[in-house]
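Encoded as structure tokens, the structure appears first; notes follow it.
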Amino acid sequence: MAGTVRTKAALDAIFVDDAAATFQDQQDFIASAMPPQYAAALIADPSGPDQDFAADTDEAITFDTVVWDTDSFADLGSAATRLTIPAGMGGLYLIGGVAGFTGASASWWRFYILKNGTDDLAHTRGEMTTTINRVGTLNCLDVAVATDYYEFMGVTETDVDLPHLAGYPRFWIARLGQTPA
């Protein structure tokens with residue numbers, strides 16, 4: 001069973017163009033766009049406080065809202081930064097995230113997906129200015145087994161905030177197929 005196909009125009013309508021879109025509108029849209037089986041999506045509530053990032057310190061992004069979770073990939077009570085592969089759910093996964101830093105005088109920023117606390121699977125980086133917020137989006141494929149976990153990480157050159165804006169930060173995982181026997 002496939003999820004609903006969403007065009008770029010449909011995504012822009014709810015996340016970019018519609019200033020009146022509420023946090024709940026965005027949660028509902030994400031949930032409706034996710035595949036119906038074996039997936040999870042996390043989001044940080046925009047009414048919550050921004051996350052502070054210390055200079056040159058790699059930090060996991062903290063999430064407070066589960067938008068979609070078919071099989072308990074997320075446990076925000078004990079691990080608000082992680083998506084963990086449940087028992088019996090090994091397979092090929094698409095893992096991704098989007099987040100942004102406020103404008104600062106730092107010369108660089110970096111977001112990346114970390115597996116099991118050590119493996120940097122994918123990253124994006126860029127330059128910062130004092131007047132422009134910077135957003136990074138990334139996706140990767142990985143073969144995972146039960147108890148493997150993923151974190152969405154960030155680091156910058158100077159102290160900055162990771163704002164909880166409408167629609168991001170977000171972090172997601174979707175199982176594309178099971179591990180071959």
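Ordering of the structure tokens sets the chain letters (A, B, ...); residue numbers start at 1 within each chain; ligands are numbered from 1 in the order shown.
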Non-local contacts of region 96-98 of chain A (6 Å; only C-alpha atoms; under 3 positions in same chain excluded) as number ranges by chain: A: 136-139, 169-172
Kindly save the residues from that selection, with N, CA and C atoms included, as a PDB file, in the first residue's frame.
```pdb
ATOM      1  N   GLY A 136      19.202  23.334   6.588  1.00  0.00           N
ATOM      2  CA  GLY A 136      19.822  22.181   5.953  1.00  0.00           C
ATOM      3  C   GLY A 136      18.858  21.014   5.918  1.00  0.00           C
ATOM      4  N   THR A 137      18.800  20.325   4.790  1.00  0.00           N
ATOM      5  CA  THR A 137      17.962  19.143   4.615  1.00  0.00           C
ATOM      6  C   THR A 137      18.832  18.000   4.122  1.00  0.00           C
ATOM      7  N   LEU A 138      18.641  16.809   4.661  1.00  0.00           N
ATOM      8  CA  LEU A 138      19.402  15.677   4.188  1.00  0.00           C
ATOM      9  C   LEU A 138      18.613  14.386   4.319  1.00  0.00           C
ATOM     10  N   ASN A 139      18.933  13.422   3.464  1.00  0.00           N
ATOM     11  CA  ASN A 139      18.344  12.091   3.460  1.00  0.00           C
ATOM     12  C   ASN A 139      19.438  11.086   3.171  1.00  0.00           C
ATOM     13  N   PRO A 169      12.557  21.983  13.471  1.00  0.00           N
ATOM     14  CA  PRO A 169      13.232  20.812  12.927  1.00  0.00           C
ATOM     15  C   PRO A 169      12.316  19.580  12.844  1.00  0.00           C
ATOM     16  N   ARG A 170      12.613  18.746  11.836  1.00  0.00           N
ATOM     17  CA  ARG A 170      11.905  17.480  11.633  1.00  0.00           C
ATOM     18  C   ARG A 170      12.948  16.379  11.460  1.00  0.00           C
ATOM     19  N   PHE A 171      12.537  15.161  11.781  1.00  0.00           N
ATOM     20  CA  PHE A 171      13.414  13.996  11.671  1.00  0.00           C
ATOM     21  C   PHE A 171      12.522  12.810  11.350  1.00  0.00           C
ATOM     22  N   TRP A 172      12.870  12.012  10.344  1.00  0.00           N
ATOM     23  CA  TRP A 172      11.986  10.927   9.942  1.00  0.00           C
ATOM     24  C   TRP A 172      12.764   9.685   9.543  1.00  0.00           C
TER      25      TRP A 172
END
```
Nearby residues (only C-alpha atoms) at most 7 Å from region 143-147 of chain A, same-chain spacing under 2 positions excluded, as a ChimeraX atom specification: /A:84-93,149
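When only C-alpha atoms are used to compute distances to Ile61 (chain A), the closest of the residues A:Leu94, A:Thr81, A:Thr124, A:Asp75 turns out to be A:Thr81.
Among the candidate residues A:Ala60, A:Leu121, A:Ala99, A:Ala80, the one lying nearest to Leu141 (chain A) is A:Leu121, with distances computed using only C-alpha atoms.
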Report, in Å to a single decimal, how far apart CA of Leu176 (chain A) and CA of Glu59 (chain A) are.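 According to the coordinates, CA of Glu59 (chain A) and CA of Leu176 (chain A) are separated by 27.9 Å.
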Please report, as a PyMOL selection string, each residue of region 63-150 of chain A to which DSSP assigns strand (DSSP E) when run on this structure's backbone. chain A and resi 65-69+82-84+91-101+109-115+119-126+134-144+149-150
Take the residues just selected and output them with C-alpha atoms as a tab-separated table (two decimals), in the first residue's frame.
```
chain	number	residue	atom	x	y	z
A	65	THR	CA	6.35	15.67	19.33
A	66	VAL	CA	5.75	12.38	17.54
A	67	VAL	CA	3.80	13.03	14.36
A	68	TRP	CA	3.68	9.44	13.13
A	69	ASP	CA	5.05	6.23	14.62
A	82	ARG	CA	16.65	9.20	18.70
A	83	LEU	CA	14.77	6.99	16.30
A	84	THR	CA	15.49	3.33	17.14
A	91	GLY	CA	15.69	-3.70	6.72
A	92	LEU	CA	16.53	-0.92	4.30
A	93	TYR	CA	15.58	2.51	5.66
A	94	LEU	CA	15.31	6.06	4.38
A	95	ILE	CA	16.38	8.44	7.16
A	96	GLY	CA	16.17	12.20	6.86
A	97	GLY	CA	15.86	15.53	8.60
A	98	VAL	CA	15.57	19.27	8.17
A	99	ALA	CA	16.59	22.03	10.59
A	100	GLY	CA	17.89	25.57	10.55
A	101	PHE	CA	20.13	27.87	12.57
A	109	TRP	CA	27.31	25.20	10.17
A	110	ARG	CA	26.79	21.47	9.69
A	111	PHE	CA	23.87	19.03	10.12
A	112	TYR	CA	24.37	15.26	9.95
A	113	ILE	CA	22.72	11.91	10.68
A	114	LEU	CA	24.59	9.75	13.15
A	115	LYS	CA	24.07	5.98	13.45
A	119	ASP	CA	28.79	6.49	12.07
A	120	ASP	CA	28.24	9.75	10.15
A	121	LEU	CA	25.86	8.59	7.39
A	122	ALA	CA	25.06	11.87	5.65
A	123	HIS	CA	25.77	15.53	6.17
A	124	THR	CA	25.14	18.96	4.78
A	125	ARG	CA	27.04	22.14	5.59
A	126	GLY	CA	27.07	25.77	4.64
A	134	ARG	CA	20.26	28.83	7.31
A	135	VAL	CA	18.35	25.59	6.71
A	136	GLY	CA	19.82	22.18	5.95
A	137	THR	CA	17.96	19.14	4.62
A	138	LEU	CA	19.40	15.68	4.19
A	139	ASN	CA	18.34	12.09	3.46
A	140	CYS	CA	20.22	8.81	3.34
A	141	LEU	CA	19.65	5.08	2.90
A	142	ASP	CA	20.92	2.54	5.40
A	143	VAL	CA	20.53	-1.14	6.21
A	144	ALA	CA	19.60	-1.47	9.87
A	149	TYR	CA	19.50	4.06	16.38
A	150	TYR	CA	19.79	7.33	14.51
```
A:Leu162, A:Val155, A:Ala74, A:Ala79 ranked by distance to Ala39 (chain A), top pick (using only C-alpha atoms):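 The closest residue to Ala39 (chain A) is A:Ala74.
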